[in-house]
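Novice: Structure below; questions to follow.
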Amino acid sequence: MSRLAFFDLDGTLADRQSALGDALTRLCRALSPDAEQWLRTELADRATVGDFARLREAFGLEVSAADLWQEYVDLMAAAVTCRSEVLEGLARLRAAGWTIGVITNGAGDIQRAKLAGTGLADLVHGVAASGDLEIRKPDRRLFELGATRCGVSLADGGWMVGDNPTGDVGGGHQAGLRTIWLRGRPWPDGLPAANHIVDDVTDAITILLAETE
């Protein structure tokens with residue numbers, strides 16, 4: 001079995017939701033009082049520079065969409081966190097000879113800023129963000145890009161770990177990978193089961209480490 005492990009970022013390795021609240025509160029201090037709630041709704045699942053163009057239009061803001069986006073990226077990078085036990089687990093995987101990649105839906109600049117801000121960037125071999133190709137999980141091409149950036153072949157197999165049933169588990173299956181699901185979201189009808197179901201990403205890391213013992 002190939003020692004390749006892909007991980008989702010938001011909701012799996014990093015806590016996006018807490019960071020989102022902190023970042024939007026800071027961002028909106030100088031904006032319209034209603035802008036924060038608008039952004040919390042619009043950015044609930046993901047964010048792009050286009051969201052801030054719409055924000056600017058909706059609230060008649062003078063600041064450019066590009067400047068709003070960059071401030072949001074910087075604030076998210078500063079606010080997002082990854083628990084020390086997750087970082088330690090990934091370091092153990094690397095020490096055991098695993099190749100670690102991140103497959104994430106989101107704009108490349110903000111996802112890489114999060115990886116750098118949390119210390120995850122130093123622990124992964126490659127990153128594929130949906131904004132890089134303008135495609136999203138479960139599209140197999142995003143997994144192929146991740147494998148290329150990790151310097152390995154998807155044909156050799158591996159694992160995908162994430163919290164999204166369709167994007168992570170379904171996408172992993174389509175890419176020929178074994179899967180570990182972090183339970184939480186509703187499971188869609190007709191989706192094949194994951195190989196393992198866990199409550200925390202550290203449990204998934206433990207399963208992967210056991211594969212190499």
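The way I read the labels, and the way they are meant: chains A, B, ... in the order of the structure tokens, residue 1 as the first residue of every chain, and ligand 1 as the first ligand shown, with later ones counted on from there.
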Return as a count of residues only the full set of residues in range 148-200 of chain A whose backbone-based DSSP assignment is alpha helix (DSSP H).

Specialist: 7

Novice: Can you tell me which residues surround Ala14 in chain A at a distance of at most 8 Å, considering only C-alpha atoms, apart from same-chain residues fewer than 4 positions away, and format the answer as a compact mmCIF listing (two decimals) with N, CA and C atoms, in the first residue's frame?

Specialist:
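See out31.txt below for the written result:
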```txt
# COMPACT_ATOMS: atom_id res chain seq x y z
N LEU A 9 -8.46 20.42 4.38
CA LEU A 9 -7.96 21.45 5.29
C LEU A 9 -9.04 21.95 6.25
N ASP A 10 -10.04 22.65 5.74
CA ASP A 10 -11.04 23.28 6.60
C ASP A 10 -11.98 22.25 7.22
N VAL A 80 -6.70 31.45 12.02
CA VAL A 80 -6.93 30.01 11.90
C VAL A 80 -5.93 29.24 12.77
N THR A 81 -6.39 28.13 13.31
CA THR A 81 -5.55 27.34 14.21
C THR A 81 -5.55 25.87 13.82
N CYS A 82 -4.47 25.20 14.19
CA CYS A 82 -4.37 23.74 14.07
C CYS A 82 -3.82 23.25 15.40
N ARG A 83 -4.48 22.29 16.02
CA ARG A 83 -4.09 21.83 17.34
C ARG A 83 -2.71 21.18 17.32
N THR A 118 -0.75 28.26 10.25
CA THR A 118 -0.91 27.21 11.26
C THR A 118 0.35 26.37 11.47
```

Novice: Set the distance at 10 Å and use only C-alpha atoms: which residues neighbour range 107-109 of chain A once local chain neighbours fewer than 4 positions away are removed? I'd like the list as a list in words.

Specialist: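 Those residues are Arg46, Ala47, Thr48, Val49, Gln70, Val73, Ala113, Lys114, Val127, Ala128, Ala129, Ser130, Gly131, Asp132, Leu133 and Glu134 of chain A.
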
Novice: Which neighbours of Val86 in chain A fall inside 10 Å, counting only C-alpha atoms, when residues of the same chain fewer than 3 positions from it are skipped, and could you give them as a list in words?

Specialist: Thr12, Leu13, Ala14, Cys82, Arg83, Gly89, Leu90, Ala91, Arg92, Leu120, Asp200, Val201, Thr202, Asp203 and Ile205 of chain A

Novice: Pull N, CA, C and O atoms from the residues just selected and write them as a PDB file, in the first residue's frame.

Specialist:
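Written out: out05.pdb:
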```pdb
ATOM      1  N   THR A  12     -11.043  19.784   8.966  1.00  0.00           N
ATOM      2  CA  THR A  12     -10.318  18.527   9.171  1.00  0.00           C
ATOM      3  C   THR A  12      -8.999  18.805   9.886  1.00  0.00           C
ATOM      4  O   THR A  12      -8.818  18.411  11.040  1.00  0.00           O
ATOM      5  N   LEU A  13      -8.093  19.498   9.221  1.00  0.00           N
ATOM      6  CA  LEU A  13      -6.823  19.851   9.867  1.00  0.00           C
ATOM      7  C   LEU A  13      -6.911  21.168  10.622  1.00  0.00           C
ATOM      8  O   LEU A  13      -6.220  21.353  11.635  1.00  0.00           O
ATOM      9  N   ALA A  14      -7.724  22.084  10.142  1.00  0.00           N
ATOM     10  CA  ALA A  14      -7.794  23.422  10.728  1.00  0.00           C
ATOM     11  C   ALA A  14      -9.238  23.789  11.050  1.00  0.00           C
ATOM     12  O   ALA A  14     -10.180  23.328  10.401  1.00  0.00           O
ATOM     13  N   CYS A  82      -4.472  25.203  14.187  1.00  0.00           N
ATOM     14  CA  CYS A  82      -4.365  23.744  14.073  1.00  0.00           C
ATOM     15  C   CYS A  82      -3.816  23.248  15.402  1.00  0.00           C
ATOM     16  O   CYS A  82      -2.783  23.731  15.868  1.00  0.00           O
ATOM     17  N   ARG A  83      -4.485  22.293  16.016  1.00  0.00           N
ATOM     18  CA  ARG A  83      -4.093  21.826  17.341  1.00  0.00           C
ATOM     19  C   ARG A  83      -2.713  21.183  17.319  1.00  0.00           C
ATOM     20  O   ARG A  83      -2.331  20.552  16.333  1.00  0.00           O
ATOM     21  N   GLY A  89       1.023  14.689  15.082  1.00  0.00           N
ATOM     22  CA  GLY A  89       0.649  13.469  14.369  1.00  0.00           C
ATOM     23  C   GLY A  89       1.143  13.469  12.931  1.00  0.00           C
ATOM     24  O   GLY A  89       1.638  12.451  12.428  1.00  0.00           O
ATOM     25  N   LEU A  90       1.036  14.609  12.269  1.00  0.00           N
ATOM     26  CA  LEU A  90       1.536  14.700  10.896  1.00  0.00           C
ATOM     27  C   LEU A  90       3.053  14.553  10.855  1.00  0.00           C
ATOM     28  O   LEU A  90       3.600  13.926   9.938  1.00  0.00           O
ATOM     29  N   ALA A  91       3.726  15.100  11.852  1.00  0.00           N
ATOM     30  CA  ALA A  91       5.181  14.943  11.920  1.00  0.00           C
ATOM     31  C   ALA A  91       5.553  13.473  12.087  1.00  0.00           C
ATOM     32  O   ALA A  91       6.537  12.999  11.495  1.00  0.00           O
ATOM     33  N   ARG A  92       4.757  12.734  12.850  1.00  0.00           N
ATOM     34  CA  ARG A  92       5.010  11.299  13.035  1.00  0.00           C
ATOM     35  C   ARG A  92       4.786  10.548  11.725  1.00  0.00           C
ATOM     36  O   ARG A  92       5.537   9.618  11.403  1.00  0.00           O
ATOM     37  N   LEU A 120       1.193  24.193   9.238  1.00  0.00           N
ATOM     38  CA  LEU A 120       0.965  22.983   8.441  1.00  0.00           C
ATOM     39  C   LEU A 120       1.823  22.960   7.177  1.00  0.00           C
ATOM     40  O   LEU A 120       2.176  21.883   6.683  1.00  0.00           O
ATOM     41  N   ASP A 200     -12.229  12.358  15.192  1.00  0.00           N
ATOM     42  CA  ASP A 200     -11.192  13.386  15.225  1.00  0.00           C
ATOM     43  C   ASP A 200     -10.082  12.997  14.260  1.00  0.00           C
ATOM     44  O   ASP A 200      -9.803  11.804  14.061  1.00  0.00           O
ATOM     45  N   VAL A 201      -9.447  14.006  13.665  1.00  0.00           N
ATOM     46  CA  VAL A 201      -8.405  13.713  12.688  1.00  0.00           C
ATOM     47  C   VAL A 201      -7.220  12.985  13.323  1.00  0.00           C
ATOM     48  O   VAL A 201      -6.513  12.221  12.646  1.00  0.00           O
ATOM     49  N   THR A 202      -7.008  13.160  14.617  1.00  0.00           N
ATOM     50  CA  THR A 202      -5.915  12.428  15.271  1.00  0.00           C
ATOM     51  C   THR A 202      -6.188  10.929  15.268  1.00  0.00           C
ATOM     52  O   THR A 202      -5.252  10.128  15.209  1.00  0.00           O
ATOM     53  N   ASP A 203      -7.471  10.543  15.310  1.00  0.00           N
ATOM     54  CA  ASP A 203      -7.822   9.117  15.215  1.00  0.00           C
ATOM     55  C   ASP A 203      -7.477   8.578  13.830  1.00  0.00           C
ATOM     56  O   ASP A 203      -7.032   7.432  13.685  1.00  0.00           O
ATOM     57  N   ILE A 205      -5.055   9.719  11.913  1.00  0.00           N
ATOM     58  CA  ILE A 205      -3.602   9.606  11.869  1.00  0.00           C
ATOM     59  C   ILE A 205      -3.147   8.322  12.558  1.00  0.00           C
ATOM     60  O   ILE A 205      -2.231   7.634  12.078  1.00  0.00           O
TER      61      ILE A 205
END
```

Novice: Mind checking which residues fall within 7 Å of Thr179 in chain A, counting only C-alpha atoms, ignoring those fewer than 6 positions away in the same chain, and posting them as a PyMOL selection string?

Specialist: chain A and resi 159-161+169+172+194-196

Novice: Figure out the distance between CA of Asp45 in chain A and CA of Gly106 in chain A, please, to one decimal in Å.

Specialist: 9.3 Å

Novice: Pick from A:Ile103, A:Ala121, A:Leu182, A:Ile197: nearest to Phe6 in chain A, with only C-alpha atoms counted?

Specialist: A:Ile103

Novice: What's the separation between CA of Leu154 in chain A and CA of Ile207 in chain A, in Å to one decimal place?

Specialist: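 A separation of 20.3 Å between them.
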